[in-house]
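One file, protein28.txt, is given below (compact mmCIF, C-alpha atoms).
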# COMPACT_ATOMS: atom_id res chain seq x y z
CA MET A 1 20.61 -18.12 -14.02
CA ALA A 2 23.03 -15.31 -14.70
CA VAL A 3 23.08 -11.83 -16.13
CA LYS A 4 25.87 -10.85 -18.52
CA VAL A 5 27.15 -7.31 -18.35
CA ILE A 6 27.43 -5.90 -21.87
CA LYS A 7 27.99 -2.29 -20.73
CA PRO A 8 28.50 -1.49 -17.05
CA GLY A 9 27.16 2.09 -16.90
CA LEU A 10 29.08 4.73 -14.93
CA SER A 11 29.22 3.02 -11.53
CA THR A 12 26.81 0.11 -11.11
CA THR A 13 27.19 -1.86 -7.89
CA VAL A 14 25.44 -4.73 -6.09
CA GLN A 15 23.66 -3.39 -3.00
CA ASP A 16 21.23 -4.69 -0.39
CA LEU A 17 20.18 -3.06 2.89
CA GLY A 18 23.78 -2.89 4.04
CA ARG A 19 26.20 -4.09 6.66
CA PRO A 20 25.39 -2.48 10.02
CA GLY A 21 27.38 -3.50 13.08
CA TYR A 22 30.97 -2.85 11.98
CA TYR A 23 31.07 0.94 11.74
CA HIS A 24 32.94 1.20 15.05
CA ILE A 25 35.86 -0.70 13.49
CA GLY A 26 35.79 1.41 10.35
CA ILE A 27 33.63 -0.69 8.02
CA PRO A 28 30.77 1.45 6.78
CA LEU A 29 27.11 0.57 6.42
CA SER A 30 27.13 0.44 2.61
CA GLY A 31 23.86 -0.70 0.98
CA GLY A 32 21.49 1.23 -1.27
CA MET A 33 21.50 5.01 -0.82
CA ASP A 34 17.73 5.15 -1.45
CA ARG A 35 16.46 2.33 0.74
CA LEU A 36 12.76 2.86 0.09
CA ALA A 37 13.31 2.54 -3.67
CA LEU A 38 15.52 -0.54 -3.17
CA LYS A 39 12.88 -2.28 -1.06
CA ALA A 40 10.10 -1.32 -3.49
CA ALA A 41 12.03 -2.81 -6.43
CA ASN A 42 12.43 -6.10 -4.57
CA LEU A 43 8.77 -6.31 -3.56
CA LEU A 44 7.66 -5.61 -7.16
CA VAL A 45 9.54 -8.66 -8.48
CA GLY A 46 8.51 -10.93 -5.59
CA ASN A 47 11.83 -10.86 -3.67
CA LYS A 48 12.31 -10.28 0.04
CA GLU A 49 12.71 -6.55 0.69
CA GLY A 50 16.43 -6.86 1.45
CA ALA A 51 17.53 -8.99 -1.52
CA ALA A 52 20.59 -7.76 -3.42
CA VAL A 53 19.84 -5.52 -6.42
CA LEU A 54 21.89 -3.33 -8.74
CA GLU A 55 22.30 0.34 -7.94
CA ALA A 56 23.02 2.31 -11.13
CA VAL A 57 24.00 5.95 -10.81
CA PHE A 58 23.26 8.57 -13.52
CA MET A 59 23.55 6.01 -16.34
CA GLY A 60 22.09 2.53 -16.77
CA PRO A 61 24.02 -0.63 -17.63
CA GLU A 62 23.24 -2.97 -20.53
CA LEU A 63 22.51 -6.51 -19.34
CA GLN A 64 21.79 -9.74 -21.15
CA PHE A 65 19.69 -12.40 -19.42
CA THR A 66 20.51 -16.14 -19.67
CA ASP A 67 17.07 -17.10 -18.36
CA ASP A 68 13.56 -15.66 -17.92
CA ALA A 69 13.15 -13.26 -14.98
CA THR A 70 10.91 -10.56 -13.55
CA VAL A 71 12.57 -7.14 -13.30
CA ALA A 72 11.63 -3.78 -11.75
CA VAL A 73 13.43 -0.44 -11.86
CA THR A 74 12.70 2.11 -9.12
CA GLY A 75 14.26 5.26 -7.66
CA ALA A 76 15.54 7.56 -10.41
CA GLU A 77 13.57 7.94 -13.65
CA LEU A 78 15.98 5.90 -15.73
CA PRO A 79 13.65 4.48 -18.39
CA PRO A 80 14.26 0.74 -18.97
CA LYS A 81 14.09 -0.94 -22.38
CA VAL A 82 13.83 -4.64 -23.21
CA ASN A 83 15.40 -5.37 -26.60
CA GLY A 84 14.99 -1.65 -27.29
CA GLU A 85 11.29 -1.52 -26.32
CA ALA A 86 10.36 0.95 -23.55
CA ARG A 87 9.13 -0.27 -20.15
CA GLU A 88 7.74 1.67 -17.18
CA THR A 89 9.74 2.44 -14.05
CA TRP A 90 8.27 1.38 -10.64
CA THR A 91 6.48 -1.46 -12.47
CA SER A 92 7.38 -5.13 -12.83
CA PHE A 93 8.08 -6.52 -16.29
CA LYS A 94 9.41 -9.75 -17.79
CA VAL A 95 12.77 -10.20 -19.46
CA LYS A 96 13.07 -13.45 -21.43
CA LYS A 97 16.10 -15.65 -21.89
CA GLY A 98 18.48 -14.03 -24.38
CA GLN A 99 16.88 -10.58 -24.15
CA THR A 100 18.78 -7.42 -23.32
CA LEU A 101 17.85 -4.85 -20.69
CA SER A 102 19.17 -1.36 -21.42
CA PHE A 103 18.28 2.18 -20.39
CA ASP A 104 17.42 5.54 -21.89
CA PHE A 105 18.91 8.84 -20.64
CA LEU A 106 18.30 9.70 -17.01
CA LYS A 107 15.18 11.89 -16.72
CA LYS A 108 15.02 12.60 -12.98
CA GLY A 109 16.79 11.59 -9.78
CA ALA A 110 20.24 10.02 -9.58
CA ARG A 111 20.13 6.34 -8.59
CA ALA A 112 18.02 3.58 -10.09
CA TYR A 113 17.49 0.24 -8.35
CA ILE A 114 17.27 -2.75 -10.67
CA ALA A 115 15.75 -5.76 -8.93
CA ILE A 116 15.79 -9.18 -10.62
CA SER A 117 13.62 -12.05 -9.32
CA GLY A 118 15.78 -14.35 -7.18
CA GLY A 119 18.11 -11.50 -6.23
CA ILE A 120 21.78 -11.02 -7.18
CA ASP A 121 23.47 -14.06 -5.63
CA VAL A 122 26.97 -12.85 -4.77
CA PRO A 123 28.57 -14.20 -1.55
CA VAL A 124 27.48 -12.70 1.78
CA VAL A 125 30.39 -10.84 3.41
CA LEU A 126 29.97 -9.74 7.05
CA GLY A 127 26.23 -10.25 6.78
CA SER A 128 25.62 -8.38 3.53
CA ARG A 129 25.97 -8.62 -0.25
CA SER A 130 26.54 -4.85 -0.55
CA THR A 131 29.60 -3.53 -2.37
CA TYR A 132 32.03 -1.31 -0.48
CA THR A 133 34.33 -0.32 -3.33
CA LEU A 134 36.92 1.63 -1.27
CA GLY A 135 37.54 -1.47 0.85
CA ALA A 136 37.09 -3.89 -2.11
CA LEU A 137 34.57 -5.73 0.07
CA GLY A 138 31.34 -7.57 -0.79
CA GLY A 139 29.28 -7.24 -3.94
CA PHE A 140 30.70 -8.58 -7.19
CA LYS A 141 34.44 -9.02 -6.47
CA GLY A 142 34.35 -5.92 -4.26
CA ARG A 143 34.05 -3.54 -7.21
CA LYS A 144 31.69 -1.83 -9.61
CA LEU A 145 30.53 -3.87 -12.60
CA GLU A 146 32.68 -4.15 -15.71
CA ALA A 147 31.85 -5.30 -19.24
CA GLY A 148 32.04 -9.09 -19.47
CA ASP A 149 31.06 -9.79 -15.84
CA LYS A 150 28.62 -12.67 -15.28
CA LEU A 151 26.40 -11.89 -12.33
CA PRO A 152 24.92 -14.90 -10.54
CA VAL A 153 21.18 -14.59 -9.87
CA GLY A 154 19.34 -16.70 -7.28
CA LYS A 155 16.29 -18.84 -7.87
CA GLY A 156 12.95 -17.16 -7.50
CA ARG A 157 9.58 -17.69 -9.14
CA GLY A 158 9.20 -14.00 -9.85
CA ALA A 159 6.05 -11.99 -9.46
CA LYS A 160 3.81 -11.34 -12.45
CA GLU A 161 4.36 -8.37 -14.72
CA GLY A 162 2.43 -5.11 -14.46
CA ARG A 163 2.60 -4.75 -10.67
CA SER A 164 3.14 -1.06 -9.99
CA ILE A 165 3.77 1.33 -7.07
CA PRO A 166 1.23 4.22 -7.10
CA GLU A 167 2.89 7.57 -7.82
CA LYS A 168 1.94 9.10 -4.47
CA LEU A 169 3.96 6.41 -2.68
CA ARG A 170 7.13 7.10 -4.67
CA ARG A 171 9.38 9.54 -2.84
CA ALA A 172 11.63 12.06 -4.57
CA PRO A 173 13.36 15.26 -3.43
CA GLY A 174 11.68 18.61 -4.11
CA MET A 175 13.25 21.58 -5.89
CA PRO A 176 15.11 22.86 -3.97
CA ALA A 177 15.62 19.65 -2.01
CA GLU A 178 14.84 20.15 1.69
CA LEU A 179 17.04 18.11 3.99
CA ARG A 180 15.88 18.09 7.59
CA MET A 181 18.73 18.26 10.05
CA LEU A 182 19.29 18.09 13.79
CA PRO A 183 22.00 20.49 15.05
CA GLY A 184 24.79 18.50 16.70
CA LEU A 185 27.26 18.45 19.57
CA TYR A 186 29.56 20.96 17.87
CA TRP A 187 26.87 23.51 16.95
CA HIS A 188 28.39 25.91 19.51
CA ARG A 189 31.57 26.11 17.42
CA ILE A 190 29.96 28.43 14.85
CA THR A 191 28.65 31.93 15.48
CA ALA A 192 24.91 32.63 15.84
CA GLU A 193 25.04 34.50 12.53
CA ALA A 194 26.67 31.53 10.76
CA GLY A 195 24.06 29.22 12.31
CA LYS A 196 21.33 31.38 10.78
CA HIS A 197 22.65 31.58 7.24
CA PHE A 198 23.54 27.88 7.20
CA PHE A 199 19.76 27.29 7.08
CA THR A 200 18.71 30.27 4.96
CA ASP A 201 21.33 29.88 2.20
CA THR A 202 20.64 27.68 -0.80
CA TRP A 203 23.41 25.17 -1.44
CA LYS A 204 24.13 23.18 -4.59
CA VAL A 205 25.25 19.57 -4.92
CA ALA A 206 28.91 19.47 -5.97
CA PRO A 207 29.74 17.17 -8.93
CA GLU A 208 32.11 15.11 -6.77
CA ALA A 209 29.26 13.97 -4.44
CA ASP A 210 29.23 10.17 -4.21
CA ARG A 211 28.33 7.19 -1.99
CA ILE A 212 30.92 8.25 0.59
CA GLY A 213 29.72 11.79 1.04
CA TYR A 214 27.52 14.39 -0.59
CA ARG A 215 29.34 17.70 -0.86
CA PHE A 216 27.44 20.97 -1.18
CA ARG A 217 28.70 24.38 -2.14
CA GLY A 218 27.40 27.87 -2.81
CA GLY A 219 26.35 28.97 0.68
CA ARG A 220 28.27 31.55 2.71
CA PRO A 221 31.32 30.26 4.66
CA LEU A 222 30.67 29.54 8.34
CA GLU A 223 32.42 31.74 10.88
CA PHE A 224 33.75 30.03 13.98
CA VAL A 225 33.67 31.16 17.61
CA PRO A 226 37.34 31.89 18.40
CA ARG A 227 39.02 29.49 20.81
CA GLU A 228 42.41 28.08 21.64
CA GLN A 229 42.39 24.70 19.89
CA PRO A 230 42.43 21.88 22.48
CA PHE A 231 45.28 19.37 22.64
CA GLY A 232 44.83 16.79 19.86
CA ALA A 233 42.80 19.02 17.56
CA GLY A 234 44.29 20.38 14.34
CA SER A 235 45.00 24.06 13.92
CA ASP A 236 42.09 24.91 11.60
CA PRO A 237 39.05 26.23 13.49
CA SER A 238 36.94 23.50 11.83
CA ASN A 239 39.13 20.85 13.50
CA ILE A 240 38.16 19.00 16.67
CA VAL A 241 39.78 16.30 18.75
CA ASP A 242 39.02 13.16 16.70
CA ALA A 243 35.48 11.90 17.15
CA CYS A 244 33.01 9.41 15.71
CA TYR A 245 31.22 10.45 12.54
CA PRO A 246 27.60 9.27 12.47
CA TYR A 247 25.86 8.26 9.22
CA GLY A 248 24.21 11.48 8.01
CA SER A 249 26.56 13.80 9.90
CA ILE A 250 27.47 17.06 8.19
CA GLN A 251 31.09 18.09 8.40
CA VAL A 252 32.23 21.44 7.06
CA PRO A 253 36.03 21.36 6.49
CA GLY A 254 37.38 24.91 6.68
CA GLY A 255 33.80 26.12 7.23
CA THR A 256 33.17 26.29 3.48
CA GLU A 257 31.56 23.19 1.94
CA PRO A 258 29.22 20.95 3.96
CA ILE A 259 29.65 17.21 3.34
CA VAL A 260 26.86 14.82 4.37
CA LEU A 261 28.37 11.41 5.07
CA HIS A 262 26.44 8.61 3.38
CA ARG A 263 26.49 4.80 3.13
CA ASP A 264 30.22 4.30 2.34
CA ALA A 265 31.57 6.97 4.71
CA VAL A 266 34.56 6.92 7.01
CA SER A 267 33.57 6.42 10.64
CA GLY A 268 35.65 9.03 12.40
CA GLY A 269 38.02 11.94 12.11
CA GLY A 270 38.89 15.46 13.12
CA TYR A 271 36.31 17.75 11.50
CA PHE A 272 33.53 19.34 13.54
CA MET A 273 30.01 18.34 12.55
CA VAL A 274 27.38 21.03 12.36
CA GLY A 275 24.59 18.46 12.73
CA THR A 276 23.09 15.30 11.26
CA VAL A 277 20.61 14.85 8.43
CA ILE A 278 17.70 12.86 9.87
CA SER A 279 17.42 9.21 8.82
CA ALA A 280 14.06 9.86 7.12
CA ASP A 281 15.74 12.17 4.57
CA MET A 282 18.89 10.18 3.76
CA ASP A 283 17.08 8.42 0.87
CA LEU A 284 16.43 11.82 -0.74
CA ILE A 285 20.16 12.62 -0.84
CA GLY A 286 20.76 9.49 -2.90
CA GLN A 287 18.51 10.97 -5.61
CA LEU A 288 20.25 14.35 -5.92
CA GLN A 289 21.98 15.13 -9.21
CA PRO A 290 25.01 17.40 -9.34
CA HIS A 291 24.13 21.13 -9.30
CA THR A 292 20.72 20.48 -7.68
CA PRO A 293 19.79 23.26 -5.23
CA ALA A 294 19.26 22.11 -1.65
CA ARG A 295 18.46 23.65 1.73
CA PHE A 296 18.99 22.40 5.25
CA VAL A 297 15.93 22.64 7.51
CA GLU A 298 16.34 22.62 11.29
CA VAL A 299 14.24 20.09 13.24
CA THR A 300 14.05 18.90 16.83
CA MET A 301 14.63 15.31 17.98
CA ALA A 302 10.85 14.90 18.41
CA GLN A 303 10.26 16.02 14.81
CA ALA A 304 13.05 13.73 13.58
CA LEU A 305 11.50 10.72 15.33
CA LYS A 306 8.06 11.58 13.96
CA ALA A 307 9.52 11.81 10.45
CA ARG A 308 11.05 8.36 10.94
CA ARG A 309 7.63 6.96 11.97
CA ASP A 310 6.00 8.67 8.96
CA GLN A 311 8.56 7.01 6.69
CA ALA A 312 7.76 3.60 8.20
CA LYS A 313 4.05 4.27 7.57
CA LEU A 314 4.74 5.22 3.96
CA TYR A 315 6.54 1.90 3.50
CA ASP A 316 3.62 0.02 5.12
CA LYS A 317 1.26 1.69 2.63
CA LEU A 318 3.57 0.79 -0.22
CA LYS A 319 3.60 -2.87 0.88
CA ALA A 320 -0.19 -2.86 1.26
CA SER A 321 -0.60 -1.45 -2.26
CA LEU A 322 0.91 -4.58 -3.84
CA MET B 1 22.52 17.79 -38.39
CA ALA B 2 22.78 15.31 -35.54
CA GLN B 3 22.71 16.48 -31.95
CA LEU B 4 25.26 15.02 -29.60
CA LEU B 5 23.62 14.48 -26.20
CA SER B 6 25.29 14.34 -22.80
CA PRO B 7 25.28 10.76 -21.48
CA LEU B 8 25.47 11.96 -17.86
CA PRO B 9 24.62 14.84 -15.57
CA GLY B 10 27.69 16.76 -14.43
CA THR B 11 30.07 19.49 -15.56
CA PHE B 12 30.98 19.72 -19.26
CA TYR B 13 34.56 20.58 -20.20
CA ARG B 14 35.76 21.33 -23.70
CA ARG B 15 39.45 20.91 -22.86
CA PRO B 16 41.40 17.90 -21.55
CA SER B 17 42.86 20.10 -18.77
CA PRO B 18 42.72 23.82 -17.89
CA ASP B 19 46.11 24.58 -19.52
CA LYS B 20 45.41 22.66 -22.75
CA PRO B 21 43.59 23.93 -25.86
CA ALA B 22 40.00 22.83 -26.56
CA TYR B 23 39.52 19.39 -28.10
CA LYS B 24 37.55 20.94 -30.97
CA ASN B 25 36.44 24.42 -32.00
CA ASP B 26 33.26 25.50 -33.76
CA GLY B 27 33.53 24.65 -37.44
CA ASP B 28 36.18 21.92 -37.00
CA LYS B 29 35.70 18.67 -38.86
CA VAL B 30 35.28 15.69 -36.57
CA ALA B 31 35.37 11.96 -37.28
CA LYS B 32 33.12 9.42 -35.59
CA GLY B 33 34.72 8.46 -32.27
CA ASP B 34 36.68 11.74 -31.84
CA VAL B 35 36.68 13.03 -28.27
CA ILE B 36 34.94 16.41 -28.17
CA GLY B 37 34.78 17.00 -24.40
CA LEU B 38 34.57 15.57 -20.90
CA ILE B 39 31.81 15.20 -18.33
CA GLU B 40 32.93 15.36 -14.71
CA VAL B 41 30.83 13.68 -12.06
CA MET B 42 31.67 11.71 -8.88
CA LYS B 43 35.39 12.48 -9.21
CA SER B 44 35.58 10.78 -12.60
CA PHE B 45 35.84 12.18 -16.10
CA THR B 46 33.92 10.51 -18.92
CA GLU B 47 34.95 11.26 -22.50
CA VAL B 48 32.22 12.41 -24.87
CA LYS B 49 32.79 11.05 -28.36
CA ALA B 50 31.30 12.14 -31.68
CA GLU B 51 28.68 9.68 -32.91
CA ALA B 52 28.86 10.94 -36.49
CA ALA B 53 31.36 12.64 -38.78
CA GLY B 54 30.96 16.24 -39.93
CA LYS B 55 31.39 19.85 -38.91
CA ILE B 56 30.88 20.55 -35.20
CA THR B 57 29.03 23.46 -33.61
CA PHE B 58 29.00 23.58 -29.81
CA ILE B 59 25.78 24.27 -27.90
CA ALA B 60 27.06 23.81 -24.33
CA GLU B 61 29.76 26.10 -22.91
CA ASN B 62 33.00 25.06 -21.27
CA GLU B 63 32.40 24.32 -17.52
CA GLU B 64 28.62 24.40 -18.00
CA PRO B 65 26.53 22.24 -15.66
CA VAL B 66 24.62 19.79 -17.89
CA MET B 67 21.82 17.25 -17.49
CA ALA B 68 21.75 13.76 -18.99
CA GLY B 69 20.26 13.97 -22.48
CA GLN B 70 21.09 17.68 -22.87
CA PRO B 71 22.47 18.65 -26.32
CA LEU B 72 26.20 19.44 -26.15
CA ALA B 73 26.90 20.03 -29.84
CA GLU B 74 25.56 19.62 -33.34
CA ILE B 75 27.46 17.66 -35.94
CA GLY B 76 26.57 17.76 -39.60

In C-alpha cells, what does this structure look like?
Amino acid sequence: MAVKVIKPGLSTTVQDLGRPGYYHIGIPLSGGMDRLALKAANLLVGNKEGAAVLEAVFMGPELQFTDDATVAVTGAELPPKVNGEARETWTSFKVKKGQTLSFDFLKKGARAYIAISGGIDVPVVLGSRSTYTLGALGGFKGRKLEAGDKLPVGKGRGAKEGRSIPEKLRRAPGMPAELRMLPGLYWHRITAEAGKHFFTDTWKVAPEADRIGYRFRGGRPLEFVPREQPFGAGSDPSNIVDACYPYGSIQVPGGTEPIVLHRDAVSGGGYFMVGTVISADMDLIGQLQPHTPARFVEVTMAQALKARRDQAKLYDKLKASL
Amino acid sequence: MAQLLSPLPGTFYRRPSPDKPAYKNDGDKVAKGDVIGLIEVMKSFTEVKAEAAGKITFIAENEEPVMAGQPLAEIG
C-alpha cells in the first residue's frame, strides 16, 4: 500500500510522537506539534497512538491512494474531501483504491494530522519516524513532501468509518490564546516592571513562527536589570553564558520578541530565557495561525503539574469515548 | 466577477520586494496564471496566481494580515 503525493501542500511532513533522548547532543525532539490531535487521529483509524501520520500546516496536500484505507483528520479545521466530496474532521472515513484525498481552505487552527490505517511506514531513525527537516533526518527522505513522492503505508485492518471524537474532547486555543508559563532561572534579569507587562501585554504570532520556534511580537520591550556581563556572555543584555534551552523555553533576543522553542528547536545557546511554557499548553501553540493574539499566564510548578495531569485525564476520556 | 482567495494565512504583499513596483494595479488586465501577489508565512513566500483572465480589482491591502480563504482580489 502506498499513497502518491499529487500536491504536497505548504509543508507536509511525516511525524510521530518524536525522538526524545538525543536533545543533549543537539538532536531535537521533533514529532507532531499538537500531540493530542496526532494521537486522536491514530486512534480513530485503529492505529497505535504513536504511529506515524502526516502533519500538514495551513494547507492540505492532495494524495492518491493505491489501496483501500481508513483515514482521519484532526487538529486544525482543514476540511477533507474524497474525490471532491466533503468529509468531517475528527471522524474516521474510508478512502478507496484509486481515490484522491484533498482539502478545502483552512477554517481554524494551523496544523492538521492525517492518520492512515497502518501508519506511514518510513524507516525508523533514532527511535522515531518523525521528520527533522533542518537536519535532513527521519521522515520521508528527511524532508517535507514533494509532488511525485510515493509514501509507503504499513498494513493495518483499519477501524470502521464514522468513529468520531466528541467536540468537548477536542482542544483548541482560545482567542486570545492563553499560554501558561513558569518563570525561569533568568527571571531576575528583567525589571519588576518588565515582568509585569510581559504578562499583561497581548502579543501576536509572527508570520515566521514554525516548528523550530514560535515568535511573538507586539508587546512592550523588556527592560533588563543592569549588570556587567559575565565572562563568556555576549554584550547584549539579553545574552547569558551559554546554557541549555528546554523544550517550551521562551527566549527574548534583545528583549523585544519572545520565541517559544518547539519540537525542532536548537538545544542550547546564549539568550536568556524568561520562562517555559508548560507542557500541557505546547499543543495549543501548534494550532496558532500567524497574527493570532496570545497572552502569557504565570503559573506555579504545582499548577503546571496539575495541568499536566488534567491533560492526561482528557486523553483518557478521549480514549474511553471510542 | 471571480474572487481570488488566499490559499494560506499570512501576510499579503502586492510587490515582489519593497523596492519594486506592484505586480498589478487596480484595473490592470491579467491573464490566467499571472502572479498578482505573495503570501508570507513560516519564512517562505508563496506566489498567488490569477485563476481567471480579466480586469483585476484588489480587495486586500499590501502587507495586510490575511486568513486562508479570504478574498484578495476580484477578477472579471

Considering all atoms listed in the file, return as a list in words whatever protein or nucleic-acid residues lie within 8 Å of range 300-315 of chain A, sequence-local ones (same chain, fewer than 4 positions apart) excluded. Leu36, Leu169, Arg180, Leu182, Ile278, Ser279, Ala280 and Lys319 of chain A

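Nearest to chain B of all the residues A:His197, A:Arg211, A:Lys81, A:Arg227 is A:Arg211, based on only C-alpha atoms.
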
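Between CA of Val122 in chain A and CA of Lys144 in chain A lies a distance of 12.9 Å.
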
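Nearest residue to Tyr214 in chain A among B:Ala31, B:Val41, B:Met1, B:Ser17 is B:Val41, counting all atoms listed in the file.
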
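In this structure, CA of Arg15 in chain B sits 19.6 Å away from CA of Gln3 in chain B.
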
Hey, what's within 8 Å of Ile36 in chain B if we count only C-alpha atoms and toss same-chain stuff fewer than 3 positions away? As a PyMOL selection string, please? chain B and resi 14+23-24+47-50

Per-residue nearest contacts of chain A to chain B (8 Å; all atoms listed in the file) as a Markdown table:
| residue | atom | partner | partner_atom | distance |
| --- | --- | --- | --- | --- |
| A:Phe58 | CA | B:Leu8 | CA | 5.9 |
| A:Met59 | CA | B:Leu8 | CA | 6.4 |
| A:Phe105 | CA | B:Gly69 | CA | 5.6 |
| A:Leu106 | CA | B:Ala68 | CA | 5.7 |
| A:Lys107 | CA | B:Ala68 | CA | 7.2 |
| A:Pro207 | CA | B:Val41 | CA | 4.8 |
| A:Glu208 | CA | B:Met42 | CA | 4.0 |
| A:Ala209 | CA | B:Met42 | CA | 5.5 |
| A:Asp210 | CA | B:Met42 | CA | 5.5 |
| A:Gln289 | CA | B:Pro9 | CA | 6.9 |
| A:Pro290 | CA | B:Gly10 | CA | 5.8 |
| A:His291 | CA | B:Pro65 | CA | 6.9 |

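Checking A:Gln99, A:Ser164, A:Gln287, A:Thr89 one by one against Gly32 in chain A, counting all atoms listed in the file, you find the shortest gap at A:Gln287.
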
Tell me, as a PyMOL selection string, which residues lie within 8 Å of Lys204 in chain A, counting all atoms listed in the file; anything in the same chain fewer than 5 positions away does not count. chain A and resi 216-218+290-294

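You will find CA of Gly184 in chain A at 10.8 Å from CA of Glu298 in chain A.
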
Looking at B:Ala53, B:Val30, B:Leu38, B:Ala2, which one is nearest to Pro16 in chain B, with distances taken over only C-alpha atoms? B:Leu38

List as an mmCIF file with C-alpha atoms, keeping the file's coordinate frame the protein and nucleic acid residues near Gly195 in chain A, meaning an atom at most 9 Å away when all atoms listed in the file are counted, but skip any in the same chain fewer than 3 places from it.
data_model
loop_
_atom_site.group_PDB
_atom_site.id
_atom_site.type_symbol
_atom_site.label_atom_id
_atom_site.label_comp_id
_atom_site.auth_asym_id
_atom_site.auth_seq_id
_atom_site.Cartn_x
_atom_site.Cartn_y
_atom_site.Cartn_z
ATOM 1 C CA TRP A 187 26.870 23.510 16.950
ATOM 2 C CA ILE A 190 29.960 28.430 14.850
ATOM 3 C CA THR A 191 28.650 31.930 15.480
ATOM 4 C CA ALA A 192 24.910 32.630 15.840
ATOM 5 C CA PHE A 198 23.540 27.880 7.200
ATOM 6 C CA PHE A 199 19.760 27.290 7.080
ATOM 7 C CA LEU A 222 30.670 29.540 8.340
ATOM 8 C CA GLU A 223 32.420 31.740 10.880
ATOM 9 C CA VAL A 274 27.380 21.030 12.360
#

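You can rank A:Pro166, A:Gly98, A:Gly269, A:Gly148 by their closest distance to Phe65 in chain A using only C-alpha atoms, and at the top of that list sits A:Gly98.
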
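Among A:Leu151, A:Leu288, A:Val299, A:Val3, the residue with the shortest atom-to-atom distance to Val57 in chain A, counting all atoms listed in the file, is A:Leu288.
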
Can you list, as a list of chain:residue names, every protein, DNA or RNA residue that comes within 8 Å of Asn25 in chain B when you count all atoms listed in the file, leaving out same-chain residues fewer than 5 positions away? B:Ile56, B:Thr57, B:Phe58

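Protein, DNA and RNA residues at most 12 Å from (43.7, 24.6, 13.1), with all atoms listed in the file, are these: Phe224, Pro226, Arg227, Glu228, Gln229, Pro230, Phe231, Gly232, Ala233, Gly234, Ser235, Asp236, Pro237, Ser238, Asn239, Ile240, Val241, Pro253, Gly254, Gly255, Gly270, Tyr271 and Phe272 of chain A.
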